[in-house]
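Q: What follows is the file input-v3.txt, containing compact mmCIF, C-alpha atoms:
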# COMPACT_ATOMS: atom_id res chain seq x y z
CA MET A 1 0.00 0.00 0.00
CA TYR A 2 2.92 2.34 0.72
CA HIS A 3 5.16 1.74 -2.30
CA ALA A 4 2.37 1.55 -4.88
CA VAL A 5 -0.10 3.83 -3.01
CA MET A 6 -2.81 1.23 -3.48
CA ARG A 7 -6.27 1.40 -1.97
CA PRO A 8 -7.15 -1.55 0.31
CA ALA A 9 -9.69 -2.84 -2.25
CA GLU A 10 -6.95 -2.84 -4.91
CA VAL A 11 -4.56 -4.76 -2.64
CA ILE A 12 -7.17 -7.44 -1.97
CA HIS A 13 -7.76 -7.79 -5.73
CA LEU A 14 -4.06 -7.83 -6.77
CA ARG A 15 -3.18 -10.86 -8.89
CA LEU A 16 0.20 -12.31 -9.77
CA GLU A 17 -0.28 -11.70 -13.51
CA ARG A 18 -0.64 -7.97 -12.74
CA CYS A 19 2.87 -7.81 -11.19
CA HIS A 20 5.69 -7.15 -13.63
CA PRO A 21 9.16 -6.99 -12.03
CA SER A 22 12.12 -6.19 -14.29
CA GLU A 23 15.84 -6.90 -14.32
CA THR A 24 16.51 -3.29 -13.25
CA GLY A 25 15.03 -4.03 -9.82
CA ARG A 26 12.02 -1.86 -10.54
CA GLY A 27 8.67 -3.03 -11.77
CA VAL A 28 5.09 -2.16 -12.62
CA LEU A 29 1.75 -3.18 -11.15
CA ASN A 30 -1.00 -3.07 -13.72
CA LEU A 31 -3.99 -2.56 -11.41
CA SER A 32 -7.35 -3.58 -12.77
CA GLY A 33 -9.93 -3.11 -10.03
CA GLY A 34 -10.82 -3.70 -6.45
CA VAL A 35 -12.84 -5.95 -4.21
CA VAL A 36 -15.36 -4.50 -1.79
CA PRO A 37 -17.63 -6.21 0.75
CA ALA A 38 -21.24 -6.04 -0.38
CA GLY A 39 -23.26 -8.61 1.55
CA LYS A 40 -25.03 -11.64 0.11
CA GLU A 41 -28.34 -9.85 -0.23
CA TRP A 42 -26.80 -7.16 -2.46
CA THR A 43 -25.02 -9.31 -5.05
CA ASP A 44 -26.50 -11.24 -7.97
CA ASP A 45 -24.62 -14.45 -7.17
CA GLY A 46 -24.96 -14.40 -3.36
CA ALA A 47 -21.25 -13.66 -2.82
CA VAL A 48 -20.28 -11.42 0.08
CA HIS A 49 -17.70 -9.52 -2.02
CA GLU A 50 -17.99 -7.75 -5.33
CA VAL A 51 -15.27 -6.87 -7.84
CA HIS A 52 -15.45 -3.28 -9.03
CA SER A 53 -13.53 -1.37 -11.66
CA LEU A 54 -10.86 1.07 -10.58
CA TRP A 55 -12.12 4.14 -8.72
CA ARG A 56 -14.25 6.23 -11.11
CA ARG A 57 -13.01 4.41 -14.20
CA ALA A 58 -14.45 2.20 -16.93
CA ALA A 59 -14.56 -1.54 -16.20
CA VAL A 60 -11.75 -2.42 -18.64
CA THR A 61 -9.40 0.39 -17.57
CA THR A 62 -6.11 -0.46 -15.90
CA ARG A 63 -3.73 1.77 -13.96
CA PRO A 64 -0.01 1.11 -14.36
CA VAL A 65 1.88 1.96 -11.18
CA PRO A 66 5.69 1.85 -11.19
CA ILE A 67 7.05 0.08 -8.11
CA PRO A 68 10.49 0.57 -6.54
CA PRO A 69 13.07 -2.14 -5.76
CA PRO A 70 11.98 -2.63 -2.11
CA PHE A 71 8.49 -3.65 -3.29
CA VAL A 72 9.81 -5.82 -6.12
CA GLY A 73 12.16 -7.49 -3.64
CA VAL A 74 9.43 -8.67 -1.26
CA LEU A 75 7.16 -10.14 -3.95
CA PRO A 76 9.03 -13.45 -4.41
CA ALA A 77 9.40 -13.92 -0.64
CA HIS A 78 5.68 -13.29 -0.12
CA ILE A 79 4.72 -15.73 -2.86
CA GLU A 80 7.11 -18.39 -1.58
CA ARG A 81 5.79 -18.08 1.97
CA PHE A 82 2.05 -17.71 1.29
CA GLY A 83 1.53 -18.88 -2.28
CA VAL A 84 -1.30 -17.48 -4.36
CA ALA A 85 -5.02 -18.20 -4.51
CA PRO A 86 -6.27 -20.46 -7.36
CA ASP A 87 -7.31 -17.33 -9.28
CA GLY A 88 -3.84 -15.78 -8.82
CA ARG A 89 -4.64 -13.36 -5.98
CA LEU A 90 -1.64 -12.56 -3.78
CA PHE A 91 -3.68 -11.97 -0.63
CA ARG A 92 -6.35 -14.32 0.73
CA ASN A 93 -7.61 -15.51 4.06
CA GLN A 94 -7.08 -19.03 5.47
CA ALA A 95 -10.13 -20.32 3.60
CA GLY A 96 -8.61 -19.00 0.35
CA VAL A 97 -11.25 -16.36 -0.25
CA TYR A 98 -11.11 -12.57 -0.20
CA VAL A 99 -9.66 -10.88 2.85
CA ASP A 100 -12.32 -8.90 4.67
CA PRO A 101 -11.36 -5.28 5.42
CA SER A 102 -12.33 -5.74 9.07
CA ALA A 103 -9.84 -8.61 9.30
CA TYR A 104 -6.82 -6.75 8.03
CA GLY A 105 -7.76 -3.74 10.12
CA ALA A 106 -7.87 -5.92 13.24
CA THR A 107 -4.53 -7.58 12.48
CA TRP A 108 -2.69 -4.42 11.46
CA ALA A 109 0.47 -4.90 13.53
CA ARG A 110 1.80 -1.37 13.99
CA GLU A 111 3.37 -2.29 17.33
CA TYR A 112 5.81 -4.68 15.61
CA VAL A 113 7.21 -2.16 13.13
CA LEU A 114 6.96 1.21 14.87
CA THR A 115 8.86 2.59 17.83
CA ARG A 116 7.00 3.55 21.00
CA MET A 117 7.27 7.21 20.05
CA GLU A 118 5.91 6.57 16.54
CA LEU A 119 3.01 4.56 18.00
CA SER A 120 2.06 7.46 20.28
CA THR A 121 1.71 9.82 17.28
CA GLY A 122 -0.98 7.78 15.58
CA LEU A 123 1.32 7.14 12.61
CA ALA A 124 -0.15 4.52 10.26
CA GLU A 125 -3.16 4.17 12.56
CA ARG A 126 -5.04 2.32 9.83
CA PRO A 127 -3.75 0.53 6.73
CA TYR A 128 -5.16 3.22 4.38
CA ASN A 129 -2.71 5.68 5.94
CA LEU A 130 0.07 3.85 4.09
CA ARG A 131 -1.42 5.14 0.83
CA HIS A 132 -1.41 8.69 2.20
CA ALA A 133 2.17 8.30 3.40
CA GLY A 134 3.29 7.03 -0.01
CA ILE A 135 1.70 9.94 -1.88
CA SER A 136 3.12 12.40 0.64
CA PHE A 137 6.59 10.87 0.21
CA TRP A 138 6.37 11.19 -3.58
CA LEU A 139 5.40 14.85 -3.30
CA TYR A 140 8.09 15.54 -0.70
CA SER A 141 10.63 13.88 -3.03
CA GLY A 142 9.76 16.38 -5.75
CA VAL A 143 7.71 14.14 -8.05
CA ASP A 144 5.49 16.25 -10.29
CA PRO A 145 1.99 16.50 -8.75
CA ALA A 146 0.33 15.50 -12.03
CA GLU A 147 2.45 12.32 -12.10
CA CYS A 148 1.60 11.62 -8.44
CA ALA A 149 -2.11 11.96 -9.22
CA ARG A 150 -1.83 9.70 -12.28
CA ARG A 151 0.02 6.97 -10.35
CA ALA A 152 -2.37 7.22 -7.40
CA GLY A 153 -5.42 6.99 -9.65
CA GLN A 154 -6.99 10.23 -8.54
CA SER A 155 -7.65 13.62 -10.01
CA ILE A 156 -5.17 16.44 -9.71
CA GLU A 157 -7.91 18.37 -7.86
CA ALA A 158 -8.14 15.65 -5.21
CA LEU A 159 -4.38 15.63 -4.86
CA PHE A 160 -4.24 19.39 -4.34
CA CYS A 161 -7.15 19.23 -1.90
CA HIS A 162 -5.69 16.51 0.33
CA TYR A 163 -1.95 17.09 0.00
CA VAL A 164 -1.63 20.86 -0.28
CA LYS A 165 0.59 21.04 2.84
CA PHE A 166 3.21 18.87 1.11
CA LEU A 167 2.95 20.85 -2.10
CA ASP A 168 3.67 24.03 -0.12
CA GLY A 169 6.83 22.35 1.19
CA VAL A 170 8.21 21.74 -2.30
CA ARG A 171 7.44 25.24 -3.60
CA GLU A 172 10.89 26.50 -2.56
CA GLN A 173 12.54 23.55 -4.30
CA ALA A 174 10.57 24.33 -7.47
CA ASN A 175 11.64 27.98 -7.28
CA ARG A 176 15.32 26.93 -7.04
CA LEU A 177 14.99 24.61 -10.04
CA ILE A 178 13.37 27.34 -12.14
CA GLU A 179 16.04 29.88 -11.14
CA GLN A 180 18.84 27.41 -11.98
CA SER A 181 17.32 26.79 -15.41
CA MET A 182 16.98 30.52 -16.03
CA GLU A 183 20.62 31.13 -15.03
CA GLU A 184 21.75 28.31 -17.34
CA SER A 185 19.65 29.69 -20.19
CA ASP A 186 21.15 33.19 -19.65
CA ARG A 187 24.70 31.73 -19.73
CA VAL A 188 24.00 29.92 -23.00
CA SER A 189 22.43 32.99 -24.59
CA ARG A 190 25.56 35.00 -23.65
CA GLY A 191 27.72 32.33 -25.29
CA GLU A 192 29.25 31.13 -22.03
CA ALA A 193 30.07 27.51 -21.28
CA PRO A 194 27.41 25.60 -19.31
CA ALA A 195 27.98 25.36 -15.57
CA GLY A 196 29.63 22.22 -14.22
So that I can check it, write out the structure of this file as structure tokens.

A:
Amino acid sequence: MYHAVMRPAEVIHLRLERCHPSETGRGVLNLSGGVVPAGKEWTDDGAVHEVHSLWRRAAVTTRPVPIPPPFVGVLPAHIERFGVAPDGRLFRNQAGVYVDPSAYGATWAREYVLTRMELSTGLAERPYNLRHAGISFWLYSGVDPAECARRAGQSIEALFCHYVKFLDGVREQANRLIEQSMEESDRVSRGEAPAG
């Protein structure tokens, strides 16, 4: 959820054939939808879960999300330890069916990965916060907001609405980059050698 800023429903629906690691150590997840609890009385086939298309997208739409080496590195270990469901899903419960959101919320083991001080701050209080942390990290790292929104599968308006405090933090960095480019352009126009 952190490295690919996935929604919980997308994590539950993730299948092996949608994971594409490369020799470079990076990879791509080609997300295709999510699973949400619906209740037997609300589905046509009596199932308690329903597969939906990606958030506010057509049913056949996919969302490619580049994944960094740390994520690519844990995929083989996860598959070796837990295997995959018959339909290729990477995450399933002991009965082999969809993980219920209430189950992963109840087993979210913050106390095993966070320090006492981090626990007291409410950091990663719920699994969905990992998505927020990932998007915030991208913005803090200087990734273009439009690219962050595209990778996260949300509109640029939603990104600006929810992450404006991080965008304010990179404004100074953006100003420095623009000024450096302007100085370089001025040097070239004067016929001087490029800096460096």

Q: Kindly indicate which residue among A:Ile67, A:Gly142, A:His78, A:Thr121 lies nearest to A:Glu172, using all atoms listed in the file for the distances.

A: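 Closest to A:Glu172 of all the choices is A:Gly142.
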
Q: Quick one, how far is atom CA of A:Asn30 from atom CA of A:Leu14?

A: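 Separation between atom CA of A:Asn30 and atom CA of A:Leu14: 9.0 Å.
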
Q: What separation in Å, quoted to one decimal, exists between atom CA of A:Pro69 and atom CA of A:Gly25?

A: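 Result for atom CA of A:Pro69 versus atom CA of A:Gly25: 4.9 Å, one decimal.
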
Q: Pick out the residues sitting within 10 Å of A:Lys165, and hand them over as a list in words; count all atoms listed in the file, and ignore anything fewer than 5 positions along from it in its own chain.

A: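 Near A:Lys165, the qualifying residues are Ser136, Leu139, Tyr140, Phe160 and Val170 of chain A.
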
Q: May I ask for the distance between atom CA of A:Pro64 and atom CA of A:Val11, given in Å to one decimal place?

A: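 We find that atom CA of A:Pro64 and atom CA of A:Val11 lie 13.9 Å from each other.
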
Q: Just checking: using all atoms listed in the file, which residue out of A:Phe137, A:Tyr163, A:Phe82, A:Tyr112 ends up closest to A:Gly96?

A: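 The shortest atom-to-atom distance to A:Gly96 comes from A:Phe82.
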